[in-house]
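Structure first, then comments.
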Amino acid sequence: MLLDRRQLIAGGVMLSPLLIAGRAFAAPQAGSRLLVVFLRGGYDAANIVAPTGSDFYHSARPTIALGKPNPNDPDAALELDADWSLHPALKDAIYPLWQRKQIAFIPFAGTNDMSRSHFETQDTVEMGQPLGQHRNYNSGFMGRLAAAIGQDRPISFTEQLPLCFRGGPTIPNVALAAVGAKLSVPSKDVALISSMYRGQSSGPVDLGSSVVEGFQVRDTMFKSVAAEMNQANRGAISTKGFELSARRVARLMRDQFNLAFVDVGGWDTHVGQGGAQGYLASHIGDLGRGLAGFADEMGPEAWRNTTVVVISEFGRTFRENGDKGTDHGHGSIYWVLGGGVNGGRIAGPQNPITPDALNQARDLPVLTDYRSMIGGLVGRQFSLAGDRLATIFPDAKPADLALI
């Protein structure tokens with residue numbers, strides 16, 4: 001079956017002109033599918049799957065922490081177990097998957113990259129190579145996985161072929177359209193508000209000048225934050241409209257592809273992150289609805305053989321900062337969901353959440369290396385072992401967390 005531009009447009013995706021032409025893709029028989037979702041920007045995992053059983057969590061985040069589970073409070077976190085709770089924005093999307101035991105969360109997960117740099121750590125994750133050795137930027141872990149599986153049905157739902165898919169068989173990539181967000185007050189509204197205060201004063205303060213200056217400072221701040229976030233996103237789509245995109249991805253994966261990657265940006269929350277409501281809540285709600293839509297669109301039969309892994313380059317500082325946000329951290333919390341997932345549980349090793357347990361007195365430590373975690377997962381899912389599995393994550397011992 002030849003994949004052409006008309007089929008891709010009908011599926012609701014935009015075609016990158018570089019790769020698709022001339023490649024043949026057979027519709028998959030009954031078999032496993034894997035989708036990796038990369039949250040670029042370092043999402044604040046500790047406010048999504050929150051350690052609400054820890055008093056330190058609440059004292060470290062006086063303005064952004066989620067409230068302890070309370071069925072009478074719609075803004076309270078949703079209890080997962082005695083220690084962990086789920087963000088209320090995921091109540092109607094992800095929490096039902098937890099109740100059906102189709103999602104597991106892996107806390108204290110990540111890399112041993114301590115740079116806390118978006119670019120360095122994203123590269124580390126995507127390459128999947130041991131740190132301290134020569135970096136081969138033409139070899140990514142999903143490219144090596146595609147080669148190890150030996151089935152010619154991978155795809156990247158990104159504008160450009162990501163680093164993680166380099167070095168394997170030739171991979172098609174299709175771009176999902178992103179919807180931008182306005183960060184500043186429209187100029188006509190600025191002019192109107194400024195005119196209201198022109199010529200007025202409060203004591204020695206010229207209110208007209210102060211208002212104009214205030215808008216200028218506000219725009220400068222937003223542009224600065226937006227510039228850093230856009231760099232951290234590396235062209236990833238936003239969460240706005242992600243449900244529609246995720247359903248498009250599901251249709252293509254259900255019918256034609258077995259291995260896929262998509263990245264979602266907007267997670268670099270230094271300022272005004274919010275708690276049960278606010279910026280992060282809005283973004284995680286959009287993401288959750290997208291993933292739930294993906295599962296729904298796959299249908300029960302295909303969903304049973306599909307696994308979705310949600311990762312980010314790092315977590316964030318455990319203590320909130322002075323701008324009611326969080327800064328670049330280390331350990332994160334990964335998600336594994338699917339119809340065949342051994343879910344409804346917090347998987348992997350854990351530490352009590354105390355000041356002494358933090359990495360460098362700053363952020364969550366990494367107790368589950370992502371290379372070992374994903375290596376163990378794909379080993380089970382695609383029946384890979386020995387040398388074939390070792391090529392995907394060299395020098396990493398697969399961790400069997402019994403996720404599937």
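Labels for the structure tokens follow display order: chains A, B, ..., residues from 1 in each chain, ligands from 1.
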For this session: Give me the residues within 12 Å of Ser139 of chain A as a PyMOL selection string, counting only C-alpha atoms and dropping any in the same chain fewer than 2 places off.
Result: chain A and resi 123-129+134-137+141-147+162-169+391-394
Residues of the last selection are to be written out with N, CA and C atoms, as a short mmCIF file (atom, residue, chain, number, x, y, z; two decimals), in the first residue's frame.
data_model
loop_
_atom_site.label_atom_id
_atom_site.label_comp_id
_atom_site.auth_asym_id
_atom_site.auth_seq_id
_atom_site.Cartn_x
_atom_site.Cartn_y
_atom_site.Cartn_z
N ASP A 123 18.81 16.06 24.18
CA ASP A 123 19.69 15.26 23.32
C ASP A 123 20.07 13.94 24.00
N THR A 124 20.36 14.01 25.30
CA THR A 124 20.72 12.81 26.04
C THR A 124 19.60 11.78 25.97
N VAL A 125 18.37 12.24 26.21
CA VAL A 125 17.22 11.33 26.19
C VAL A 125 17.03 10.75 24.79
N GLU A 126 17.05 11.61 23.79
CA GLU A 126 16.75 11.14 22.43
C GLU A 126 17.82 10.19 21.89
N MET A 127 19.08 10.45 22.21
CA MET A 127 20.13 9.56 21.72
C MET A 127 20.14 8.24 22.48
N GLY A 128 19.87 8.29 23.79
CA GLY A 128 19.85 7.05 24.56
C GLY A 128 21.19 6.38 24.68
N GLN A 129 22.26 7.16 24.58
CA GLN A 129 23.61 6.63 24.64
C GLN A 129 24.21 6.86 26.03
N HIS A 134 31.70 9.26 23.58
CA HIS A 134 31.48 10.07 22.38
C HIS A 134 30.01 10.05 21.99
N ARG A 135 29.43 11.23 21.72
CA ARG A 135 28.03 11.33 21.33
C ARG A 135 27.90 11.20 19.82
N ASN A 136 27.07 10.26 19.41
CA ASN A 136 26.80 10.08 17.99
C ASN A 136 25.44 10.69 17.70
N TYR A 137 25.45 11.88 17.11
CA TYR A 137 24.20 12.59 16.85
C TYR A 137 23.44 12.04 15.65
N PHE A 141 17.64 6.49 19.96
CA PHE A 141 17.19 5.19 20.48
C PHE A 141 15.99 4.64 19.73
N MET A 142 15.11 5.49 19.20
CA MET A 142 13.96 4.97 18.47
C MET A 142 14.35 4.51 17.06
N GLY A 143 15.36 5.13 16.50
CA GLY A 143 15.90 4.63 15.23
C GLY A 143 16.49 3.25 15.41
N ARG A 144 17.23 3.08 16.52
CA ARG A 144 17.82 1.76 16.79
C ARG A 144 16.73 0.74 17.12
N LEU A 145 15.67 1.19 17.80
CA LEU A 145 14.56 0.29 18.09
C LEU A 145 13.88 -0.16 16.80
N ALA A 146 13.65 0.78 15.87
CA ALA A 146 13.03 0.42 14.60
C ALA A 146 13.87 -0.62 13.86
N ALA A 147 15.20 -0.45 13.91
CA ALA A 147 16.07 -1.42 13.25
C ALA A 147 16.01 -2.77 13.94
N PRO A 162 13.09 13.94 14.35
CA PRO A 162 13.76 14.19 15.63
C PRO A 162 15.03 13.37 15.77
N LEU A 163 15.88 13.82 16.66
CA LEU A 163 17.14 13.14 16.91
C LEU A 163 16.91 11.68 17.29
N CYS A 164 15.86 11.38 18.03
CA CYS A 164 15.65 10.01 18.52
C CYS A 164 15.42 9.02 17.40
N PHE A 165 15.00 9.47 16.20
CA PHE A 165 14.71 8.56 15.11
C PHE A 165 15.84 8.50 14.07
N ARG A 166 16.96 9.13 14.37
CA ARG A 166 18.08 9.07 13.43
C ARG A 166 18.81 7.74 13.56
N GLY A 167 19.40 7.32 12.45
CA GLY A 167 20.30 6.19 12.50
C GLY A 167 19.68 4.83 12.25
N GLY A 168 18.35 4.76 12.12
CA GLY A 168 17.72 3.49 11.81
C GLY A 168 17.31 3.46 10.35
N PRO A 169 16.25 2.73 10.02
CA PRO A 169 15.72 2.79 8.65
C PRO A 169 15.20 4.18 8.36
N THR A 391 21.48 -3.22 21.56
CA THR A 391 21.80 -2.18 20.59
C THR A 391 20.97 -0.92 20.81
N ILE A 392 19.79 -1.05 21.44
CA ILE A 392 18.90 0.09 21.61
C ILE A 392 19.43 1.03 22.68
N PHE A 393 19.80 0.47 23.83
CA PHE A 393 20.37 1.26 24.92
C PHE A 393 21.67 0.60 25.37
N PRO A 394 22.77 0.92 24.71
CA PRO A 394 24.05 0.29 25.04
C PRO A 394 24.44 0.52 26.50
#
Exercise. Which residues come within 10 Å of Ala385 of chain A, counting only C-alpha atoms, excluding same-chain residues fewer than 3 positions away, as a list in words?
Worked result: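 Here the answer would be Ala148, Gly375, Gly376, Val378, Gly379, Arg380, Phe382, Arg388, Leu389, Ala390, Thr391 and Pro398 of chain A.
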Segment 39-83 of chain A near segment 307-329 of chain A within 10 Å: what's each residue's closest atom pair and its distance in Å to one decimal, counting only C-alpha atoms, ordered by chain then ascending residue number, as a Markdown table?
| residue | atom | partner | partner_atom | distance |
| --- | --- | --- | --- | --- |
| A:Leu39 | CA | A:Ser312 | CA | 4.7 |
| A:Arg40 | CA | A:Ser312 | CA | 6.0 |
| A:Gly41 | CA | A:Glu313 | CA | 7.2 |
| A:Gly42 | CA | A:Phe314 | CA | 5.0 |
| A:Tyr43 | CA | A:Gly315 | CA | 5.9 |
| A:Asp44 | CA | A:Arg316 | CA | 5.4 |
| A:Ala45 | CA | A:Gly315 | CA | 6.0 |
| A:Ala46 | CA | A:Phe318 | CA | 7.3 |
| A:Asn47 | CA | A:Phe318 | CA | 9.3 |
| A:Phe56 | CA | A:Arg319 | CA | 9.4 |
| A:Tyr57 | CA | A:Phe318 | CA | 7.8 |
| A:His58 | CA | A:Arg319 | CA | 9.4 |
| A:Ser59 | CA | A:Arg319 | CA | 8.5 |
| A:Ala60 | CA | A:Arg319 | CA | 4.7 |
| A:Arg61 | CA | A:Glu320 | CA | 5.3 |
| A:Pro62 | CA | A:Glu320 | CA | 7.8 |
| A:Thr63 | CA | A:Lys324 | CA | 6.8 |
| A:Ile64 | CA | A:Lys324 | CA | 7.0 |
| A:Ala65 | CA | A:Glu320 | CA | 8.9 |
Take the residues from that selection and write them out as a compact mmCIF listing (two decimals), in the first residue's frame, keeping all heavy atoms.
# COMPACT_ATOMS: atom_id res chain seq x y z
N LEU A 39 7.36 15.46 26.40
CA LEU A 39 6.93 16.77 26.89
C LEU A 39 8.16 17.67 26.98
O LEU A 39 8.90 17.66 27.96
CB LEU A 39 6.25 16.63 28.26
CG LEU A 39 5.10 15.62 28.34
CD1 LEU A 39 4.46 15.65 29.72
CD2 LEU A 39 4.06 15.88 27.25
N ARG A 40 8.37 18.46 25.95
CA ARG A 40 9.57 19.30 25.90
C ARG A 40 9.41 20.53 26.79
O ARG A 40 8.38 21.20 26.76
CB ARG A 40 9.86 19.73 24.46
CG ARG A 40 10.26 18.58 23.54
CD ARG A 40 10.93 19.08 22.28
NE ARG A 40 11.12 18.03 21.30
CZ ARG A 40 12.19 17.24 21.23
NH1 ARG A 40 13.17 17.38 22.11
NH2 ARG A 40 12.29 16.32 20.28
N GLY A 41 10.45 20.81 27.55
CA GLY A 41 10.45 21.95 28.44
C GLY A 41 10.58 21.56 29.89
O GLY A 41 10.77 22.41 30.75
N GLY A 42 10.53 20.26 30.19
CA GLY A 42 10.69 19.80 31.57
C GLY A 42 9.42 20.03 32.37
O GLY A 42 9.29 21.03 33.07
N TYR A 43 8.46 19.11 32.28
CA TYR A 43 7.17 19.35 32.95
C TYR A 43 7.29 19.14 34.46
O TYR A 43 8.11 18.34 34.93
CB TYR A 43 6.08 18.48 32.32
CG TYR A 43 5.81 17.13 32.96
CD1 TYR A 43 4.56 16.86 33.52
CD2 TYR A 43 6.77 16.12 32.97
CE1 TYR A 43 4.28 15.62 34.08
CE2 TYR A 43 6.50 14.89 33.52
CZ TYR A 43 5.25 14.64 34.08
OH TYR A 43 4.98 13.42 34.64
N ASP A 44 6.48 19.87 35.21
CA ASP A 44 6.53 19.77 36.68
C ASP A 44 5.76 18.53 37.13
O ASP A 44 4.60 18.61 37.54
CB ASP A 44 5.97 21.03 37.33
CG ASP A 44 6.12 20.97 38.86
OD1 ASP A 44 7.02 20.26 39.34
OD2 ASP A 44 5.32 21.60 39.55
N ALA A 45 6.43 17.39 37.06
CA ALA A 45 5.80 16.11 37.37
C ALA A 45 5.23 16.09 38.78
O ALA A 45 4.17 15.49 39.03
CB ALA A 45 6.84 14.99 37.21
N ALA A 46 5.90 16.76 39.72
CA ALA A 46 5.49 16.68 41.13
C ALA A 46 4.20 17.43 41.42
O ALA A 46 3.69 17.33 42.53
CB ALA A 46 6.61 17.20 42.03
N ASN A 47 3.68 18.18 40.44
CA ASN A 47 2.37 18.80 40.63
C ASN A 47 1.32 18.15 39.74
O ASN A 47 0.18 18.63 39.69
CB ASN A 47 2.41 20.31 40.36
CG ASN A 47 2.05 21.11 41.60
OD1 ASN A 47 2.44 20.74 42.71
ND2 ASN A 47 1.33 22.20 41.44
N PHE A 56 6.12 17.72 53.63
CA PHE A 56 7.15 18.55 53.01
C PHE A 56 6.69 19.09 51.66
O PHE A 56 7.01 20.22 51.28
CB PHE A 56 8.44 17.75 52.87
CG PHE A 56 9.54 18.47 52.14
CD1 PHE A 56 9.93 19.76 52.51
CD2 PHE A 56 10.21 17.87 51.07
CE1 PHE A 56 10.94 20.44 51.85
CE2 PHE A 56 11.21 18.53 50.40
CZ PHE A 56 11.58 19.81 50.79
N TYR A 57 5.94 18.29 50.92
CA TYR A 57 5.41 18.75 49.63
C TYR A 57 4.60 20.04 49.81
O TYR A 57 4.77 21.01 49.07
CB TYR A 57 4.56 17.66 48.99
CG TYR A 57 3.66 18.13 47.86
CD1 TYR A 57 4.19 18.47 46.62
CD2 TYR A 57 2.28 18.24 48.05
CE1 TYR A 57 3.36 18.90 45.59
CE2 TYR A 57 1.45 18.68 47.03
CZ TYR A 57 2.00 19.01 45.79
OH TYR A 57 1.17 19.45 44.78
N HIS A 58 3.73 20.06 50.79
CA HIS A 58 2.86 21.22 51.00
C HIS A 58 3.65 22.43 51.52
O HIS A 58 3.38 23.57 51.13
CB HIS A 58 1.73 20.86 51.96
CG HIS A 58 0.82 19.80 51.40
ND1 HIS A 58 -0.17 20.08 50.48
CD2 HIS A 58 0.77 18.47 51.62
CE1 HIS A 58 -0.80 18.95 50.17
NE2 HIS A 58 -0.26 17.96 50.84
N SER A 59 4.64 22.20 52.38
CA SER A 59 5.42 23.33 52.89
C SER A 59 6.38 23.87 51.83
O SER A 59 6.69 25.07 51.82
CB SER A 59 6.20 22.91 54.14
OG SER A 59 7.16 21.91 53.84
N ALA A 60 6.84 23.01 50.92
CA ALA A 60 7.78 23.44 49.88
C ALA A 60 7.08 24.21 48.77
O ALA A 60 7.73 24.93 48.00
CB ALA A 60 8.50 22.23 49.29
N ARG A 61 5.75 24.07 48.69
CA ARG A 61 4.99 24.71 47.62
C ARG A 61 3.78 25.44 48.22
O ARG A 61 2.64 25.03 48.02
CB ARG A 61 4.55 23.65 46.60
CG ARG A 61 5.73 22.98 45.92
CD ARG A 61 5.29 21.89 44.95
NE ARG A 61 6.43 21.50 44.14
CZ ARG A 61 6.41 21.27 42.82
NH1 ARG A 61 5.26 21.39 42.17
NH2 ARG A 61 7.50 20.92 42.17
N PRO A 62 4.03 26.50 48.94
CA PRO A 62 2.93 27.14 49.69
C PRO A 62 1.82 27.71 48.82
O PRO A 62 0.68 27.83 49.28
CB PRO A 62 3.63 28.25 50.48
CG PRO A 62 4.92 28.49 49.75
CD PRO A 62 5.33 27.18 49.19
N THR A 63 2.11 28.07 47.56
CA THR A 63 1.06 28.66 46.72
C THR A 63 0.63 27.77 45.56
O THR A 63 -0.43 28.00 44.98
CB THR A 63 1.50 30.02 46.15
OG1 THR A 63 2.55 29.83 45.19
CG2 THR A 63 1.97 30.95 47.25
N ILE A 64 1.42 26.76 45.21
CA ILE A 64 1.08 25.96 44.02
C ILE A 64 0.76 24.51 44.33
O ILE A 64 0.33 23.78 43.43
CB ILE A 64 2.20 26.03 42.96
CG1 ILE A 64 3.47 25.32 43.46
CG2 ILE A 64 2.49 27.47 42.54
CD1 ILE A 64 4.55 25.19 42.38
N ALA A 65 0.96 24.05 45.56
CA ALA A 65 0.70 22.64 45.89
C ALA A 65 -0.77 22.30 45.70
O ALA A 65 -1.66 23.14 45.92
CB ALA A 65 1.12 22.34 47.32
Exercise. If we count only C-alpha atoms, what is near Asn359 of chain A at a cut-off of 12 Å, once residues fewer than 3 positions away on the same chain are taken out, given as a ChimeraX atom specification?
Worked result: /A:108,112,114,315-318,329-332,351,353-356,362-367
Problem set entry | Point-to-point distance from atom CA of Gly285 of chain A to atom CA of Phe157 of chain A, Å rounded to tenths |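 Here the two named atoms are 20.8 Å from each other.
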Tell me, as an mmCIF file with N, CA, C and O atoms, in the first residue's frame, which residues lie within 12 Å of Trp335 of chain A, counting only C-alpha atoms; anything in the same chain fewer than 3 positions away does not count.
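Contents of the output file around.cif:
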data_model
loop_
_atom_site.group_PDB
_atom_site.id
_atom_site.type_symbol
_atom_site.label_atom_id
_atom_site.label_comp_id
_atom_site.auth_asym_id
_atom_site.auth_seq_id
_atom_site.Cartn_x
_atom_site.Cartn_y
_atom_site.Cartn_z
ATOM 1 N N LEU A 35 3.846 4.332 21.097
ATOM 2 C CA LEU A 35 3.899 5.770 20.874
ATOM 3 C C LEU A 35 4.673 6.396 22.023
ATOM 4 O O LEU A 35 4.331 6.191 23.187
ATOM 5 N N VAL A 36 5.706 7.165 21.715
ATOM 6 C CA VAL A 36 6.451 7.918 22.719
ATOM 7 C C VAL A 36 6.036 9.387 22.617
ATOM 8 O O VAL A 36 6.104 9.985 21.538
ATOM 9 N N VAL A 37 5.583 9.955 23.734
ATOM 10 C CA VAL A 37 5.172 11.364 23.813
ATOM 11 C C VAL A 37 6.208 12.095 24.653
ATOM 12 O O VAL A 37 6.380 11.799 25.834
ATOM 13 N N PHE A 38 6.883 13.052 24.042
ATOM 14 C CA PHE A 38 7.957 13.793 24.715
ATOM 15 C C PHE A 38 7.415 15.169 25.101
ATOM 16 O O PHE A 38 7.052 15.964 24.242
ATOM 17 N N LEU A 39 7.363 15.461 26.400
ATOM 18 C CA LEU A 39 6.932 16.768 26.894
ATOM 19 C C LEU A 39 8.160 17.673 26.977
ATOM 20 O O LEU A 39 8.901 17.657 27.959
ATOM 21 N N ALA A 45 6.428 17.392 37.057
ATOM 22 C CA ALA A 45 5.804 16.112 37.371
ATOM 23 C C ALA A 45 5.227 16.086 38.778
ATOM 24 O O ALA A 45 4.174 15.487 39.028
ATOM 25 N N ILE A 48 1.694 17.085 39.063
ATOM 26 C CA ILE A 48 0.747 16.338 38.242
ATOM 27 C C ILE A 48 0.446 15.000 38.908
ATOM 28 O O ILE A 48 -0.700 14.641 39.141
ATOM 29 N N VAL A 49 1.481 14.251 39.205
ATOM 30 C CA VAL A 49 1.368 13.083 40.082
ATOM 31 C C VAL A 49 2.047 13.517 41.378
ATOM 32 O O VAL A 49 3.256 13.432 41.528
ATOM 33 N N LEU A 86 -3.359 12.454 41.883
ATOM 34 C CA LEU A 86 -3.370 12.928 40.504
ATOM 35 C C LEU A 86 -3.993 14.314 40.426
ATOM 36 O O LEU A 86 -4.947 14.627 41.150
ATOM 37 N N ILE A 94 -7.573 10.992 32.434
ATOM 38 C CA ILE A 94 -6.561 10.005 32.818
ATOM 39 C C ILE A 94 -6.997 9.172 34.016
ATOM 40 O O ILE A 94 -6.697 7.977 34.099
ATOM 41 N N LEU A 97 -8.547 5.859 33.261
ATOM 42 C CA LEU A 97 -7.566 4.850 32.850
ATOM 43 C C LEU A 97 -6.914 4.220 34.066
ATOM 44 O O LEU A 97 -6.618 3.016 34.089
ATOM 45 N N TRP A 98 -6.661 5.037 35.096
ATOM 46 C CA TRP A 98 -6.117 4.508 36.348
ATOM 47 C C TRP A 98 -7.106 3.524 36.973
ATOM 48 O O TRP A 98 -6.722 2.434 37.428
ATOM 49 N N GLN A 102 -5.147 0.794 33.404
ATOM 50 C CA GLN A 102 -4.519 0.913 32.101
ATOM 51 C C GLN A 102 -3.440 1.997 32.065
ATOM 52 O O GLN A 102 -2.988 2.376 30.990
ATOM 53 N N ILE A 103 -3.040 2.499 33.234
ATOM 54 C CA ILE A 103 -1.931 3.447 33.294
ATOM 55 C C ILE A 103 -1.162 3.229 34.582
ATOM 56 O O ILE A 103 -1.738 2.956 35.640
ATOM 57 N N ALA A 104 0.149 3.302 34.458
ATOM 58 C CA ALA A 104 1.046 3.244 35.619
ATOM 59 C C ALA A 104 1.924 4.484 35.593
ATOM 60 O O ALA A 104 2.237 5.026 34.523
ATOM 61 N N PHE A 105 2.309 4.960 36.765
ATOM 62 C CA PHE A 105 3.208 6.101 36.885
ATOM 63 C C PHE A 105 4.521 5.629 37.509
ATOM 64 O O PHE A 105 4.515 4.840 38.459
ATOM 65 N N ILE A 106 5.629 6.130 36.959
ATOM 66 C CA ILE A 106 6.949 5.736 37.438
ATOM 67 C C ILE A 106 7.644 6.984 37.982
ATOM 68 O O ILE A 106 8.169 7.809 37.214
ATOM 69 N N PRO A 107 7.632 7.189 39.304
ATOM 70 C CA PRO A 107 8.289 8.374 39.873
ATOM 71 C C PRO A 107 9.798 8.171 39.959
ATOM 72 O O PRO A 107 10.308 7.063 39.749
ATOM 73 N N PHE A 108 10.499 9.254 40.250
ATOM 74 C CA PHE A 108 11.960 9.218 40.388
ATOM 75 C C PHE A 108 12.613 8.638 39.133
ATOM 76 O O PHE A 108 13.551 7.855 39.199
ATOM 77 N N ALA A 109 12.092 9.005 37.967
ATOM 78 C CA ALA A 109 12.603 8.498 36.695
ATOM 79 C C ALA A 109 13.330 9.605 35.953
ATOM 80 O O ALA A 109 13.032 10.790 36.125
ATOM 81 N N GLY A 110 14.274 9.227 35.117
ATOM 82 C CA GLY A 110 14.989 10.212 34.322
ATOM 83 C C GLY A 110 16.339 9.717 33.872
ATOM 84 O O GLY A 110 16.580 8.508 33.770
ATOM 85 N N GLY A 288 -4.114 15.473 28.801
ATOM 86 C CA GLY A 288 -4.897 14.325 29.246
ATOM 87 C C GLY A 288 -6.044 14.014 28.312
ATOM 88 O O GLY A 288 -6.285 12.845 27.968
ATOM 89 N N LEU A 291 -4.633 12.317 25.201
ATOM 90 C CA LEU A 291 -4.272 10.913 25.388
ATOM 91 C C LEU A 291 -5.513 10.037 25.529
ATOM 92 O O LEU A 291 -5.561 8.917 25.010
ATOM 93 N N THR A 307 0.975 0.649 23.489
ATOM 94 C CA THR A 307 1.554 1.236 24.695
ATOM 95 C C THR A 307 1.983 2.663 24.389
ATOM 96 O O THR A 307 2.572 2.932 23.339
ATOM 97 N N VAL A 308 1.660 3.573 25.291
ATOM 98 C CA VAL A 308 2.074 4.978 25.187
ATOM 99 C C VAL A 308 2.988 5.285 26.359
ATOM 100 O O VAL A 308 2.644 4.997 27.511
ATOM 101 N N VAL A 309 4.149 5.847 26.077
ATOM 102 C CA VAL A 309 5.099 6.246 27.116
ATOM 103 C C VAL A 309 5.234 7.766 27.070
ATOM 104 O O VAL A 309 5.541 8.334 26.019
ATOM 105 N N VAL A 310 4.987 8.421 28.189
ATOM 106 C CA VAL A 310 5.069 9.882 28.287
ATOM 107 C C VAL A 310 6.297 10.233 29.116
ATOM 108 O O VAL A 310 6.416 9.815 30.280
ATOM 109 N N ILE A 311 7.221 10.990 28.514
ATOM 110 C CA ILE A 311 8.475 11.330 29.176
ATOM 111 C C ILE A 311 8.744 12.828 29.029
ATOM 112 O O ILE A 311 8.086 13.526 28.271
ATOM 113 N N SER A 312 9.733 13.324 29.775
ATOM 114 C CA SER A 312 10.190 14.706 29.663
ATOM 115 C C SER A 312 11.684 14.705 29.957
ATOM 116 O O SER A 312 12.202 13.752 30.544
ATOM 117 N N SER A 332 12.038 13.004 37.347
ATOM 118 C CA SER A 332 10.709 13.276 36.824
ATOM 119 C C SER A 332 9.783 12.108 37.167
ATOM 120 O O SER A 332 10.147 11.225 37.952
ATOM 121 N N GLY A 338 -1.855 2.000 28.305
ATOM 122 C CA GLY A 338 -2.249 1.151 27.194
ATOM 123 C C GLY A 338 -3.232 0.092 27.649
ATOM 124 O O GLY A 338 -3.379 -0.171 28.848
ATOM 125 N N VAL A 341 -1.473 -2.648 29.591
ATOM 126 C CA VAL A 341 -0.545 -2.222 30.644
ATOM 127 C C VAL A 341 -1.000 -2.749 32.005
ATOM 128 O O VAL A 341 -2.199 -2.788 32.304
ATOM 129 N N ASN A 342 -0.039 -3.163 32.793
ATOM 130 C CA ASN A 342 -0.292 -3.586 34.172
ATOM 131 C C ASN A 342 -0.326 -2.341 35.042
ATOM 132 O O ASN A 342 0.627 -1.983 35.717
ATOM 133 N N GLY A 343 -1.476 -1.646 35.001
ATOM 134 C CA GLY A 343 -1.567 -0.320 35.598
ATOM 135 C C GLY A 343 -2.308 -0.277 36.912
ATOM 136 O O GLY A 343 -2.446 -1.268 37.615
ATOM 137 N N GLY A 344 -2.776 0.942 37.225
ATOM 138 C CA GLY A 344 -3.408 1.165 38.508
ATOM 139 C C GLY A 344 -2.420 1.094 39.650
ATOM 140 O O GLY A 344 -2.786 0.761 40.784
ATOM 141 N N ARG A 345 -1.154 1.463 39.382
ATOM 142 C CA ARG A 345 -0.135 1.366 40.428
ATOM 143 C C ARG A 345 1.001 2.348 40.146
ATOM 144 O O ARG A 345 1.194 2.810 39.015
ATOM 145 N N ILE A 346 1.721 2.658 41.206
ATOM 146 C CA ILE A 346 2.952 3.437 41.120
ATOM 147 C C ILE A 346 4.092 2.430 41.039
ATOM 148 O O ILE A 346 4.292 1.629 41.956
ATOM 149 N N ALA A 347 4.830 2.432 39.943
ATOM 150 C CA ALA A 347 5.821 1.392 39.684
ATOM 151 C C ALA A 347 7.237 1.906 39.927
ATOM 152 O O ALA A 347 7.515 3.103 39.816
ATOM 153 N N GLY A 348 8.128 0.984 40.230
ATOM 154 C CA GLY A 348 9.533 1.320 40.397
ATOM 155 C C GLY A 348 9.881 1.719 41.812
ATOM 156 O O GLY A 348 9.009 1.939 42.657
ATOM 157 N N TYR A 370 15.858 6.005 32.723
ATOM 158 C CA TYR A 370 14.870 5.882 31.653
ATOM 159 C C TYR A 370 15.310 4.869 30.606
ATOM 160 O O TYR A 370 14.482 4.190 29.972
ATOM 161 N N MET A 373 14.352 1.565 31.994
ATOM 162 C CA MET A 373 12.899 1.418 32.024
ATOM 163 C C MET A 373 12.334 1.123 30.638
ATOM 164 O O MET A 373 11.590 0.156 30.441
ATOM 165 N N ILE A 374 12.695 1.971 29.655
ATOM 166 C CA ILE A 374 12.161 1.770 28.307
ATOM 167 C C ILE A 374 12.749 0.505 27.693
ATOM 168 O O ILE A 374 12.066 -0.229 26.967
ATOM 169 N N LEU A 403 5.552 -3.701 33.519
ATOM 170 C CA LEU A 403 4.601 -2.691 33.048
ATOM 171 C C LEU A 403 3.614 -3.274 32.039
ATOM 172 O O LEU A 403 2.507 -2.754 31.895
#
